[in-house]
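For reference, target_31.cif is printed below; it contains mmCIF, C-alpha atoms.
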data_my_file
loop_
_atom_site.label_atom_id
_atom_site.label_comp_id
_atom_site.auth_asym_id
_atom_site.auth_seq_id
_atom_site.Cartn_x
_atom_site.Cartn_y
_atom_site.Cartn_z
CA MET P 1 -59.13 -9.57 44.19
CA PRO P 2 -58.67 -13.35 43.81
CA PRO P 3 -57.25 -14.34 40.40
CA LEU P 4 -60.41 -16.23 39.42
CA LEU P 5 -62.67 -13.24 40.08
CA LEU P 6 -60.27 -10.92 38.27
CA SER P 7 -60.33 -13.21 35.23
CA VAL P 8 -64.13 -13.37 35.30
CA GLY P 9 -64.30 -9.59 35.58
CA LEU P 10 -62.02 -9.04 32.60
CA ALA P 11 -63.90 -11.63 30.57
CA SER P 12 -67.13 -9.81 31.36
CA LEU P 13 -65.60 -6.52 30.25
CA LEU P 14 -64.50 -8.04 26.96
CA ALA P 15 -67.94 -9.53 26.38
CA THR P 16 -69.88 -6.29 26.97
CA VAL P 17 -67.87 -3.67 25.08
CA HIS P 18 -69.70 -1.04 23.07
CA ALA P 19 -68.62 0.66 19.86
CA LEU P 20 -66.51 3.78 20.18
CA ASP P 21 -69.01 5.49 17.84
CA ASN P 22 -67.52 8.99 18.05
CA GLY P 23 -68.48 9.75 14.46
CA LEU P 24 -64.85 10.17 13.39
CA GLY P 25 -62.61 8.32 10.97
CA LEU P 26 -65.30 7.38 8.47
CA THR P 27 -62.45 7.27 5.96
CA PRO P 28 -58.76 6.73 6.80
CA ARG P 29 -57.25 9.81 8.41
CA LEU P 30 -55.05 12.20 6.42
CA ALA P 31 -52.55 13.95 8.68
CA PHE P 32 -49.04 15.18 9.38
CA SER P 33 -46.93 13.90 12.30
CA THR P 34 -43.80 15.49 13.72
CA TRP P 35 -42.13 12.16 14.57
CA ASN P 36 -40.37 11.02 11.39
CA PHE P 37 -38.45 14.22 10.84
CA PHE P 38 -38.27 15.96 14.24
CA GLY P 39 -38.38 13.00 16.64
CA THR P 40 -38.85 14.36 20.16
CA GLY P 41 -37.47 17.78 19.19
CA ALA P 42 -40.37 19.55 17.46
CA THR P 43 -40.92 23.16 18.57
CA GLU P 44 -43.88 25.51 18.55
CA SER P 45 -42.42 27.63 15.75
CA GLU P 46 -41.77 24.52 13.64
CA VAL P 47 -45.40 23.46 14.01
CA HIS P 48 -46.42 26.93 12.78
CA ASP P 49 -44.09 26.48 9.80
CA ILE P 50 -45.48 23.04 9.00
CA ALA P 51 -49.03 24.40 9.06
CA ALA P 52 -48.03 27.19 6.68
CA SER P 53 -46.37 24.67 4.36
CA LEU P 54 -49.41 22.38 4.32
CA GLU P 55 -51.52 25.39 3.36
CA ARG P 56 -49.09 26.77 0.77
CA THR P 57 -48.45 23.47 -1.01
CA GLY P 58 -52.13 22.56 -1.34
CA LEU P 59 -51.84 19.48 0.89
CA LYS P 60 -54.28 20.95 3.42
CA ALA P 61 -56.84 21.51 0.64
CA LEU P 62 -56.39 17.85 -0.35
CA GLY P 63 -57.38 16.77 3.16
CA PHE P 64 -54.14 16.77 5.17
CA ASP P 65 -55.57 19.11 7.78
CA THR P 66 -54.48 17.40 11.03
CA ILE P 67 -51.12 18.13 12.68
CA ASN P 68 -50.09 15.64 15.35
CA ILE P 69 -47.32 16.58 17.78
CA ASP P 70 -45.68 13.29 18.69
CA ALA P 71 -43.46 12.15 21.58
CA GLY P 72 -41.43 14.58 23.65
CA SER P 73 -44.06 17.29 23.76
CA LEU P 74 -45.48 16.66 27.24
CA ASP P 75 -44.32 16.47 30.82
CA ARG P 76 -46.14 16.09 34.13
CA ASP P 77 -46.13 18.65 36.91
CA ARG P 78 -44.62 16.90 39.91
CA THR P 79 -46.72 18.92 42.34
CA THR P 80 -50.16 18.87 40.75
CA GLY P 81 -49.79 15.68 38.71
CA ARG P 82 -51.28 17.46 35.68
CA LEU P 83 -49.95 17.22 32.16
CA VAL P 84 -48.00 20.26 30.98
CA ALA P 85 -46.37 21.19 27.69
CA SER P 86 -42.62 20.86 27.31
CA SER P 87 -40.54 24.04 27.27
CA ARG P 88 -40.38 23.90 23.46
CA PHE P 89 -43.99 25.10 23.42
CA PRO P 90 -43.66 28.35 25.39
CA SER P 91 -47.16 29.61 24.54
CA GLY P 92 -48.73 26.42 25.87
CA LEU P 93 -50.69 23.78 24.03
CA ARG P 94 -54.06 25.52 24.38
CA ASN P 95 -52.71 28.59 22.61
CA LEU P 96 -51.22 26.40 19.89
CA SER P 97 -54.49 24.48 19.61
CA ASP P 98 -56.46 27.71 19.26
CA TRP P 99 -54.04 28.98 16.61
CA LEU P 100 -54.30 25.76 14.59
CA HIS P 101 -58.10 25.74 14.84
CA GLY P 102 -58.18 29.35 13.71
CA ALA P 103 -56.09 28.38 10.69
CA GLY P 104 -58.49 25.57 9.79
CA PHE P 105 -56.45 22.64 11.15
CA HIS P 106 -57.18 19.85 13.61
CA PHE P 107 -54.82 19.60 16.59
CA GLY P 108 -53.21 16.28 17.49
CA ALA P 109 -51.40 15.29 20.69
CA TYR P 110 -49.54 12.23 22.00
CA ASN P 111 -49.29 10.13 25.13
CA ASP P 112 -48.76 6.55 26.31
CA ILE P 113 -51.04 3.98 27.92
CA SER P 114 -48.29 3.14 30.44
CA GLY P 115 -46.29 5.43 32.73
CA HIS P 116 -43.61 5.78 30.05
CA THR P 117 -43.48 7.32 26.60
CA CYS P 118 -41.28 6.51 23.61
CA GLY P 119 -38.21 8.49 22.56
CA ASN P 120 -35.76 10.38 24.72
CA GLY P 121 -37.78 13.50 25.42
CA PRO P 122 -39.91 14.35 28.47
CA ALA P 123 -42.01 11.39 29.55
CA ALA P 124 -45.49 11.66 30.99
CA GLY P 125 -47.45 8.49 30.29
CA SER P 126 -51.09 8.40 31.36
CA LEU P 127 -51.06 5.29 33.58
CA GLY P 128 -52.91 6.21 36.78
CA HIS P 129 -54.17 9.43 35.20
CA TYR P 130 -56.56 8.27 32.47
CA GLU P 131 -59.57 10.33 33.55
CA ALA P 132 -57.63 13.46 34.51
CA ASP P 133 -55.58 13.37 31.30
CA ALA P 134 -58.72 12.85 29.22
CA VAL P 135 -60.14 16.08 30.63
CA THR P 136 -56.86 17.88 29.89
CA PHE P 137 -56.78 16.67 26.28
CA ALA P 138 -60.48 17.26 25.61
CA HIS P 139 -61.27 20.46 27.46
CA GLU P 140 -58.07 22.23 28.45
CA TRP P 141 -56.24 21.69 25.14
CA GLN P 142 -59.18 21.06 22.77
CA VAL P 143 -57.43 18.09 21.13
CA ASP P 144 -59.00 16.60 18.00
CA TYR P 145 -56.63 13.64 17.43
CA LEU P 146 -54.79 11.63 20.06
CA LYS P 147 -52.04 9.09 19.43
CA VAL P 148 -51.50 6.78 22.40
CA ASP P 149 -48.34 4.66 22.38
CA PHE P 150 -47.39 1.59 24.44
CA CYS P 151 -43.75 1.80 25.52
CA GLY P 152 -44.00 0.56 29.10
CA VAL P 153 -44.71 -3.11 28.36
CA GLU P 154 -45.04 -5.69 31.12
CA MET P 155 -44.21 -9.09 29.65
CA PRO P 156 -45.83 -12.29 30.99
CA GLY P 157 -44.12 -13.50 34.13
CA THR P 158 -42.58 -10.09 34.79
CA PRO P 159 -43.66 -8.25 37.94
CA PRO P 160 -45.12 -4.74 37.57
CA GLU P 161 -42.56 -1.95 37.65
CA ASN P 162 -41.89 -0.68 41.17
CA CYS P 163 -42.75 3.02 41.16
CA THR P 164 -42.34 3.64 44.87
CA GLY P 165 -40.86 7.08 45.36
CA VAL P 166 -41.16 8.03 41.69
CA VAL P 167 -43.07 11.28 41.40
CA GLY P 168 -44.72 12.59 38.30
CA ARG P 169 -43.35 10.64 35.35
CA SER P 170 -41.51 7.76 33.71
CA CYS P 171 -42.73 4.81 35.70
CA GLY P 172 -45.39 2.12 35.47
CA THR P 173 -45.98 -0.75 33.06
CA VAL P 174 -49.09 -2.24 31.48
CA PRO P 175 -49.46 -6.00 30.91
CA VAL P 176 -49.18 -7.08 27.29
CA GLU P 177 -51.41 -10.10 27.96
CA SER P 178 -54.55 -9.72 25.87
CA ALA P 179 -57.28 -9.21 28.48
CA GLY P 180 -55.18 -7.09 30.84
CA GLN P 181 -53.97 -4.88 28.02
CA TYR P 182 -57.52 -4.49 26.68
CA ALA P 183 -58.78 -3.39 30.09
CA HIS P 184 -56.29 -0.50 30.13
CA TRP P 185 -57.09 0.61 26.57
CA SER P 186 -60.80 0.40 27.37
CA ALA P 187 -60.41 2.51 30.50
CA LEU P 188 -58.57 5.20 28.55
CA SER P 189 -61.03 5.14 25.64
CA THR P 190 -64.00 5.32 28.00
CA ALA P 191 -62.46 8.25 29.88
CA LEU P 192 -62.03 10.17 26.62
CA ASN P 193 -65.59 9.42 25.50
CA LYS P 194 -66.94 10.63 28.85
CA THR P 195 -65.54 14.10 28.19
CA GLY P 196 -68.11 14.59 25.42
CA ARG P 197 -65.54 15.88 22.93
CA PRO P 198 -65.09 13.74 19.80
CA ILE P 199 -61.40 12.85 19.57
CA TYR P 200 -59.96 10.66 16.82
CA LEU P 201 -58.20 7.94 18.80
CA ASP P 202 -55.08 6.30 17.32
CA LEU P 203 -53.81 3.45 19.53
CA CYS P 204 -50.62 1.38 19.40
CA PRO P 205 -51.38 -2.02 20.97
CA HIS P 206 -48.84 -4.81 21.29
CA ALA P 207 -49.14 -8.51 20.58
CA ILE P 208 -46.77 -11.36 21.32
CA ALA P 209 -45.93 -13.18 18.10
CA ASP P 210 -47.08 -16.79 18.03
CA GLY P 211 -44.63 -17.74 15.29
CA VAL P 212 -47.40 -18.43 12.78
CA GLY P 213 -47.25 -16.50 9.52
CA THR P 214 -45.38 -13.41 10.64
CA GLU P 215 -41.73 -12.47 10.29
CA VAL P 216 -41.49 -11.90 14.06
CA PRO P 217 -40.10 -14.86 16.02
CA LYS P 218 -42.40 -16.57 18.49
CA GLY P 219 -42.49 -14.80 21.83
CA LYS P 220 -41.31 -11.42 20.53
CA LEU P 221 -43.31 -8.19 20.63
CA MET P 222 -44.88 -6.57 17.62
CA TYR P 223 -47.27 -3.67 17.22
CA ALA P 224 -50.64 -5.28 16.48
CA PRO P 225 -53.96 -5.95 18.18
CA PRO P 226 -53.83 -9.32 19.94
CA LYS P 227 -55.51 -12.01 17.84
CA GLU P 228 -57.99 -12.66 20.65
CA TRP P 229 -59.61 -9.25 20.14
CA THR P 230 -62.76 -9.52 18.05
CA LEU P 231 -63.97 -6.94 15.56
CA SER P 232 -66.49 -5.52 18.01
CA GLN P 233 -63.83 -5.24 20.71
CA ARG P 234 -61.47 -3.42 18.37
CA ARG P 235 -64.20 -1.07 17.20
CA ALA P 236 -64.94 -0.21 20.82
CA LEU P 237 -61.42 1.06 21.43
CA ALA P 238 -60.21 3.33 18.67
CA ASN P 239 -60.49 4.83 15.22
CA SER P 240 -57.18 3.26 14.18
CA LEU P 241 -54.93 0.54 15.55
CA LEU P 242 -51.24 0.34 14.64
CA VAL P 243 -50.07 -2.82 12.85
CA GLU P 244 -46.36 -3.32 12.16
CA TYR P 245 -43.41 -5.51 13.11
CA ASP P 246 -41.20 -2.46 13.61
CA ASN P 247 -41.45 1.28 13.00
CA THR P 248 -41.37 2.27 9.33
CA TRP P 249 -37.97 2.76 7.73
CA ASP P 250 -37.16 5.09 4.85
CA ALA P 251 -36.20 2.09 2.72
CA TRP P 252 -38.07 -0.53 0.73
CA ILE P 253 -35.88 -3.23 2.26
CA TYR P 254 -32.82 -2.83 4.50
CA LYS P 255 -30.35 -5.64 5.23
CA GLN P 256 -33.12 -8.19 4.66
CA THR P 257 -34.56 -7.47 8.12
CA SER P 258 -36.27 -4.06 7.93
CA GLY P 259 -38.04 -1.82 5.48
CA LEU P 260 -41.50 -1.12 4.16
CA ILE P 261 -41.90 -4.58 2.67
CA PHE P 262 -42.06 -5.88 6.24
CA ASN P 263 -44.75 -3.33 7.14
CA ILE P 264 -46.82 -4.57 4.23
CA ASP P 265 -46.32 -8.16 5.39
CA ALA P 266 -47.51 -7.18 8.87
CA MET P 267 -50.73 -5.72 7.47
CA VAL P 268 -51.37 -9.01 5.69
CA GLN P 269 -50.19 -11.45 8.38
CA ALA P 270 -50.52 -9.74 11.77
CA THR P 271 -54.09 -8.44 11.54
CA THR P 272 -57.36 -9.11 9.78
CA LEU P 273 -57.71 -6.76 6.82
CA SER P 274 -61.48 -7.16 6.75
CA PHE P 275 -61.59 -5.63 10.25
CA SER P 276 -60.91 -2.24 8.66
CA GLY P 277 -63.95 -0.12 7.97
CA PRO P 278 -65.55 3.26 8.65
CA GLY P 279 -64.53 4.43 12.10
CA HIS P 280 -61.93 1.69 12.76
CA TRP P 281 -58.82 1.17 10.62
CA ASN P 282 -55.71 -0.98 10.52
CA TYR P 283 -52.85 1.53 10.46
CA ALA P 284 -49.57 0.63 8.72
CA ASP P 285 -47.80 3.55 10.48
CA MET P 286 -46.53 6.89 9.25
CA LEU P 287 -45.56 7.42 5.63
CA GLN P 288 -41.91 7.76 4.71
CA MET P 289 -42.97 9.64 1.59
CA CYS P 290 -40.44 12.16 0.22
CA ALA P 291 -38.11 11.97 3.23
CA TYR P 292 -35.07 11.05 1.09
CA GLY P 293 -33.08 9.95 4.13
CA LYS P 294 -33.62 13.13 6.17
CA GLY P 295 -34.98 13.07 9.68
CA VAL P 296 -34.73 10.70 12.63
CA THR P 297 -36.05 7.50 11.02
CA PRO P 298 -33.40 5.19 9.54
CA GLY P 299 -33.14 3.75 6.06
CA GLY P 300 -31.32 6.24 3.84
CA GLY P 301 -34.16 7.13 1.46
CA MET P 302 -35.91 5.68 -1.58
CA THR P 303 -36.38 6.45 -5.25
CA LEU P 304 -39.40 8.34 -6.54
CA ASN P 305 -40.82 5.11 -7.95
CA GLU P 306 -40.44 3.38 -4.58
CA TYR P 307 -42.21 6.29 -2.90
CA ARG P 308 -44.99 5.98 -5.52
CA VAL P 309 -45.48 2.30 -4.68
CA HIS P 310 -45.34 3.08 -0.96
CA TYR P 311 -48.08 5.71 -1.24
CA SER P 312 -50.23 3.52 -3.47
CA VAL P 313 -50.01 0.41 -1.27
CA TRP P 314 -50.85 2.35 1.93
CA SER P 315 -53.91 3.72 0.10
CA ILE P 316 -54.97 0.30 -1.20
CA LEU P 317 -54.64 -1.14 2.30
CA ALA P 318 -56.99 1.59 3.62
CA SER P 319 -54.34 2.71 6.09
CA PRO P 320 -54.43 6.25 7.42
CA LEU P 321 -52.00 8.43 5.46
CA VAL P 322 -49.78 10.39 7.83
CA ILE P 323 -47.00 12.46 6.25
CA GLY P 324 -43.76 12.77 8.20
CA ALA P 325 -41.28 14.43 5.81
CA ASP P 326 -40.03 17.99 6.18
CA ILE P 327 -42.59 19.50 3.83
CA ARG P 328 -41.14 22.99 4.36
CA SER P 329 -38.43 22.19 1.80
CA LEU P 330 -40.25 19.88 -0.62
CA GLU P 331 -41.20 22.57 -3.13
CA LYS P 332 -37.55 23.50 -3.59
CA ASP P 333 -35.74 20.18 -3.05
CA HIS P 334 -38.17 17.53 -4.35
CA PRO P 335 -41.01 19.10 -6.37
CA ASP P 336 -41.65 15.83 -8.19
CA CYS P 337 -42.30 14.04 -4.90
CA LEU P 338 -44.54 16.87 -3.71
CA THR P 339 -46.53 16.40 -6.92
CA LEU P 340 -46.78 12.70 -6.04
CA LEU P 341 -48.06 13.51 -2.54
CA LYS P 342 -50.72 15.69 -4.14
CA ASN P 343 -51.85 12.93 -6.52
CA ALA P 344 -55.60 13.18 -6.02
CA ALA P 345 -56.25 9.78 -7.63
CA ILE P 346 -54.09 7.94 -5.07
CA VAL P 347 -55.66 9.84 -2.19
CA ALA P 348 -59.12 9.08 -3.59
CA VAL P 349 -58.40 5.34 -3.32
CA SER P 350 -57.61 5.87 0.37
CA GLN P 351 -60.74 7.94 0.90
CA ASP P 352 -63.14 5.64 -0.98
CA PRO P 353 -66.40 5.64 1.01
CA ALA P 354 -66.71 1.90 0.36
CA ALA P 355 -63.62 1.61 2.58
CA LEU P 356 -62.55 -1.84 1.41
CA PRO P 357 -58.82 -2.67 1.74
#

Step by step, read the file and then write its structure as structure tokens.
Amino acid sequence: MPPLLLSVGLASLLATVHALDNGLGLTPRLAFSTWNFFGTGATESEVHDIAASLERTGLKALGFDTINIDAGSLDRDRTTGRLVASSRFPSGLRNLSDWLHGAGFHFGAYNDISGHTCGNGPAAGSLGHYEADAVTFAHEWQVDYLKVDFCGVEMPGTPPENCTGVVGRSCGTVPVESAGQYAHWSALSTALNKTGRPIYLDLCPHAIADGVGTEVPKGKLMYAPPKEWTLSQRRALANSLLVEYDNTWDAWIYKQTSGLIFNIDAMVQATTLSFSGPGHWNYADMLQMCAYGKGVTPGGGMTLNEYRVHYSVWSILASPLVIGADIRSLEKDHPDCLTLLKNAAIVAVSQDPAALP
């Protein structure tokens, strides 16, 4: 297609988007993610243990009833091209999904908009498979929550990744440029909606910093919706959109370059806070609450008071609250921090139906 016609086509797509309107995310999501503690190494038995701990500690009763299995959990069959569970889930993801549903939980899965995924585990990004993968997530695995990352980034002026001869996985980039990126997210979101199953959609778009206001130098990548995307365009894509300069660290500030203070700055500078509302949220990324330096995320840990501020600010900002600490040991090792996690007043701020950050 000639470049002019392609540009006109993308502009038309951006001008005629429709709201996601899946009825989900009317308040910021409360969930658990395997990433911060387990990285790409979570196993089926560990997910069972986490579910039991959420139930036993009372966190599930408070609303933390979604368990999201993050990167490293999927691969792609090189013969059929279908998504398959990694070997760490020997019963298969449908059996795990059924077990979680039977226990009163929502089941969350992970993938990537490109042909890559993040982390060092199996990689099976959805590029070229949006419709087929949507059917797998919605019908085969009965997924309720889907996190979609963006780790195969094609920067401006860079040719697309050459995937000739690559079968099954780990190849293919998506342009970071605003309109091209939006077209891919829209295709994925539309494919999921066509399945008829409501799935909470948590997307991780990228923007190129323009050097205005943010701590990210001009020309560098950050996780944020491009500034060109309007409120209606953002609402059409997802229930939450990640906003951060870098992944969260288990530190308030680290070497003056990283830490939660920078995540807070990103929520103020790299997005429009008023764009948050029922069904579509700015997401400041996973909580480091009660990790105390354990797990795969860096930073070394914080004090109880720092965790209290962390929890409170995420709630005030109307960010989804996604726990990532090893909650199996919190009752024994950090009961005071578990009590903080169960602070109903803080959670109530997050879940305020007025939904005003």

Check your understanding: Which residues fall under the PyMOL selection byres ((chain P and resi 327) around 8) in this file, as a VMD selection string?
Key -> chain P and resid 50 53 to 54 325 to 326 328 to 331

Same residues, C-alpha atoms, saved as an mmCIF file, in the frame of the given file:
data_model
loop_
_atom_site.group_PDB
_atom_site.id
_atom_site.type_symbol
_atom_site.label_atom_id
_atom_site.label_comp_id
_atom_site.auth_asym_id
_atom_site.auth_seq_id
_atom_site.Cartn_x
_atom_site.Cartn_y
_atom_site.Cartn_z
ATOM 1 C CA ILE P 50 -45.480 23.040 9.000
ATOM 2 C CA SER P 53 -46.370 24.670 4.360
ATOM 3 C CA LEU P 54 -49.410 22.380 4.320
ATOM 4 C CA ALA P 325 -41.280 14.430 5.810
ATOM 5 C CA ASP P 326 -40.030 17.990 6.180
ATOM 6 C CA ARG P 328 -41.140 22.990 4.360
ATOM 7 C CA SER P 329 -38.430 22.190 1.800
ATOM 8 C CA LEU P 330 -40.250 19.880 -0.620
ATOM 9 C CA GLU P 331 -41.200 22.570 -3.130
#

Point to revise | Within 12 Å of file point (-56.6, -11.4, 7.5), counting only C-alpha atoms, expressed as a PyMOL selection string | key: chain P and resi 213-214+227+231+265-276+282+317+357

Contact check, stretch 201-301 of chain P to stretch 332-338 of chain P, at most 12 Å, counting all atoms listed in the file, closest pairs as a Markdown table:
| residue | atom | partner | partner_atom | distance |
| --- | --- | --- | --- | --- |
| P:Gln288 | CA | P:Cys337 | CA | 11.5 |
| P:Met289 | CA | P:Cys337 | CA | 7.9 |
| P:Cys290 | CA | P:Cys337 | CA | 5.8 |
| P:Ala291 | CA | P:Cys337 | CA | 9.4 |
| P:Tyr292 | CA | P:His334 | CA | 9.0 |
| P:Lys294 | CA | P:Asp333 | CA | 11.8 |

Practice item. Just say which residues the PyMOL selection byres ((chain P and resi 36) around 8) picks in this file, as a list in words. Key: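 That expression, the PyMOL selection byres ((chain P and resi 36) around 8), corresponds here to Ser33, Thr34, Trp35, Phe37, Phe38, Gly39, Met286, Gln288, Gly295, Val296, Thr297, Gly324 and Ala325 of chain P.
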
**Study point:** Contacts of P:Asp70 within 10 Å, only C-alpha atoms, excl. fewer than 4 positions in-chain, as a VMD selection string
**Key:** chain P and resid 33 to 36 38 to 42 74 108 to 111 118 to 119 146 to 149

Residue subset to file, keeping C-alpha atoms, as a PDB file, in the frame of the given file:
ATOM      1  CA  SER P  33     -46.930  13.900  12.300  1.00  0.00           C
ATOM      2  CA  THR P  34     -43.800  15.490  13.720  1.00  0.00           C
ATOM      3  CA  TRP P  35     -42.130  12.160  14.570  1.00  0.00           C
ATOM      4  CA  ASN P  36     -40.370  11.020  11.390  1.00  0.00           C
ATOM      5  CA  PHE P  38     -38.270  15.960  14.240  1.00  0.00           C
ATOM      6  CA  GLY P  39     -38.380  13.000  16.640  1.00  0.00           C
ATOM      7  CA  THR P  40     -38.850  14.360  20.160  1.00  0.00           C
ATOM      8  CA  GLY P  41     -37.470  17.780  19.190  1.00  0.00           C
ATOM      9  CA  ALA P  42     -40.370  19.550  17.460  1.00  0.00           C
ATOM     10  CA  LEU P  74     -45.480  16.660  27.240  1.00  0.00           C
ATOM     11  CA  GLY P 108     -53.210  16.280  17.490  1.00  0.00           C
ATOM     12  CA  ALA P 109     -51.400  15.290  20.690  1.00  0.00           C
ATOM     13  CA  TYR P 110     -49.540  12.230  22.000  1.00  0.00           C
ATOM     14  CA  ASN P 111     -49.290  10.130  25.130  1.00  0.00           C
ATOM     15  CA  CYS P 118     -41.280   6.510  23.610  1.00  0.00           C
ATOM     16  CA  GLY P 119     -38.210   8.490  22.560  1.00  0.00           C
ATOM     17  CA  LEU P 146     -54.790  11.630  20.060  1.00  0.00           C
ATOM     18  CA  LYS P 147     -52.040   9.090  19.430  1.00  0.00           C
ATOM     19  CA  VAL P 148     -51.500   6.780  22.400  1.00  0.00           C
ATOM     20  CA  ASP P 149     -48.340   4.660  22.380  1.00  0.00           C
TER      21      ASP P 149
END

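Minimum atom-to-atom distance to P:Gly277, evaluated using only C-alpha atoms, belongs to P:Gly25 out of P:Gly301, P:Gly25, P:Pro175, P:Gly72.
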
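Here the residues that fall within 7 Å of (-43.5, 11.1, -6.1), using all atoms listed in the file, are given as P:Leu304, P:Asn305, P:Tyr307, P:Arg308, P:Asp336, P:Cys337, P:Leu338, P:Thr339, P:Leu340, P:Leu341.
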
Review point. Which polymer residues have any atom within 9 Å of an atom of stretch 251-255 of chain P, counting only C-alpha atoms, with same-chain residues fewer than 4 positions away left out, as a list in words?
Key: Gly259, Leu260, Ile261, Phe262, Gln288, Gly293, Pro298, Gly299, Gly300, Gly301, Met302, Glu306, Tyr307 and His310 of chain P

Check your understanding: Taking the file as shown, what set of residues would the PyMOL selection byres ((chain P and resi 67) around 12) give back, as number ranges by chain?
Key -> P: 29-35, 42, 44, 46-55, 59-60, 63-66, 68-70, 96-97, 99-101, 103-110, 143-147, 322-324

Output for the residues just chosen: C-alpha atoms as a PDB file, in the frame of the given file:
ATOM      1  CA  ARG P  29     -57.250   9.810   8.410  1.00  0.00           C
ATOM      2  CA  LEU P  30     -55.050  12.200   6.420  1.00  0.00           C
ATOM      3  CA  ALA P  31     -52.550  13.950   8.680  1.00  0.00           C
ATOM      4  CA  PHE P  32     -49.040  15.180   9.380  1.00  0.00           C
ATOM      5  CA  SER P  33     -46.930  13.900  12.300  1.00  0.00           C
ATOM      6  CA  THR P  34     -43.800  15.490  13.720  1.00  0.00           C
ATOM      7  CA  TRP P  35     -42.130  12.160  14.570  1.00  0.00           C
ATOM      8  CA  ALA P  42     -40.370  19.550  17.460  1.00  0.00           C
ATOM      9  CA  GLU P  44     -43.880  25.510  18.550  1.00  0.00           C
ATOM     10  CA  GLU P  46     -41.770  24.520  13.640  1.00  0.00           C
ATOM     11  CA  VAL P  47     -45.400  23.460  14.010  1.00  0.00           C
ATOM     12  CA  HIS P  48     -46.420  26.930  12.780  1.00  0.00           C
ATOM     13  CA  ASP P  49     -44.090  26.480   9.800  1.00  0.00           C
ATOM     14  CA  ILE P  50     -45.480  23.040   9.000  1.00  0.00           C
ATOM     15  CA  ALA P  51     -49.030  24.400   9.060  1.00  0.00           C
ATOM     16  CA  ALA P  52     -48.030  27.190   6.680  1.00  0.00           C
ATOM     17  CA  SER P  53     -46.370  24.670   4.360  1.00  0.00           C
ATOM     18  CA  LEU P  54     -49.410  22.380   4.320  1.00  0.00           C
ATOM     19  CA  GLU P  55     -51.520  25.390   3.360  1.00  0.00           C
ATOM     20  CA  LEU P  59     -51.840  19.480   0.890  1.00  0.00           C
ATOM     21  CA  LYS P  60     -54.280  20.950   3.420  1.00  0.00           C
ATOM     22  CA  GLY P  63     -57.380  16.770   3.160  1.00  0.00           C
ATOM     23  CA  PHE P  64     -54.140  16.770   5.170  1.00  0.00           C
ATOM     24  CA  ASP P  65     -55.570  19.110   7.780  1.00  0.00           C
ATOM     25  CA  THR P  66     -54.480  17.400  11.030  1.00  0.00           C
ATOM     26  CA  ASN P  68     -50.090  15.640  15.350  1.00  0.00           C
ATOM     27  CA  ILE P  69     -47.320  16.580  17.780  1.00  0.00           C
ATOM     28  CA  ASP P  70     -45.680  13.290  18.690  1.00  0.00           C
ATOM     29  CA  LEU P  96     -51.220  26.400  19.890  1.00  0.00           C
ATOM     30  CA  SER P  97     -54.490  24.480  19.610  1.00  0.00           C
ATOM     31  CA  TRP P  99     -54.040  28.980  16.610  1.00  0.00           C
ATOM     32  CA  LEU P 100     -54.300  25.760  14.590  1.00  0.00           C
ATOM     33  CA  HIS P 101     -58.100  25.740  14.840  1.00  0.00           C
ATOM     34  CA  ALA P 103     -56.090  28.380  10.690  1.00  0.00           C
ATOM     35  CA  GLY P 104     -58.490  25.570   9.790  1.00  0.00           C
ATOM     36  CA  PHE P 105     -56.450  22.640  11.150  1.00  0.00           C
ATOM     37  CA  HIS P 106     -57.180  19.850  13.610  1.00  0.00           C
ATOM     38  CA  PHE P 107     -54.820  19.600  16.590  1.00  0.00           C
ATOM     39  CA  GLY P 108     -53.210  16.280  17.490  1.00  0.00           C
ATOM     40  CA  ALA P 109     -51.400  15.290  20.690  1.00  0.00           C
ATOM     41  CA  TYR P 110     -49.540  12.230  22.000  1.00  0.00           C
ATOM     42  CA  VAL P 143     -57.430  18.090  21.130  1.00  0.00           C
ATOM     43  CA  ASP P 144     -59.000  16.600  18.000  1.00  0.00           C
ATOM     44  CA  TYR P 145     -56.630  13.640  17.430  1.00  0.00           C
ATOM     45  CA  LEU P 146     -54.790  11.630  20.060  1.00  0.00           C
ATOM     46  CA  LYS P 147     -52.040   9.090  19.430  1.00  0.00           C
ATOM     47  CA  VAL P 322     -49.780  10.390   7.830  1.00  0.00           C
ATOM     48  CA  ILE P 323     -47.000  12.460   6.250  1.00  0.00           C
ATOM     49  CA  GLY P 324     -43.760  12.770   8.200  1.00  0.00           C
TER      50      GLY P 324
END

Could you give me, as a Markdown table, every stretch 210-314 of chain P residue with an atom at most 10 Å from stretch 151-162 of chain P, plus its closest atom pair and distance in Å to one decimal, counting only C-alpha atoms, rows ordered by chain then number?
| residue | atom | partner | partner_atom | distance |
| --- | --- | --- | --- | --- |
| P:Gly219 | CA | P:Met155 | CA | 9.8 |
| P:Lys220 | CA | P:Met155 | CA | 9.8 |
| P:Leu221 | CA | P:Met155 | CA | 9.1 |

Point to revise | Counting all atoms listed in the file, the option among P:Ala85, P:Ile199, P:Val135, P:Leu241 closest to P:Ala224 | key: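 Using all atoms listed in the file, P:Ala224 sits closest to P:Leu241.
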
Could you list, with a cut-off of 9 Å and counting all atoms listed in the file, the residues of stretch 236-340 of chain P near stretch 176-193 of chain P, each shown with its nearest atom pair and the distance in Å rounded to one decimal, rows sorted by chain and ascending number, as a Markdown table?
| residue | atom | partner | partner_atom | distance |
| --- | --- | --- | --- | --- |
| P:Ala236 | CA | P:Ser186 | CA | 7.8 |
| P:Leu237 | CA | P:Ser189 | CA | 5.9 |
| P:Ala238 | CA | P:Ser189 | CA | 7.2 |

**Study point:** Residues near P:His116, cut-off 8 Å, all atoms listed in the file, skip fewer than 2 positions along chain, as a list in words
**Key:**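 Answer for this query is Asp112, Ile113, Ser114, Cys118, Ala123, Ala124, Gly125, Phe150, Cys151, Gly152, Arg169, Ser170, Cys171, Gly172 and Thr173 of chain P.
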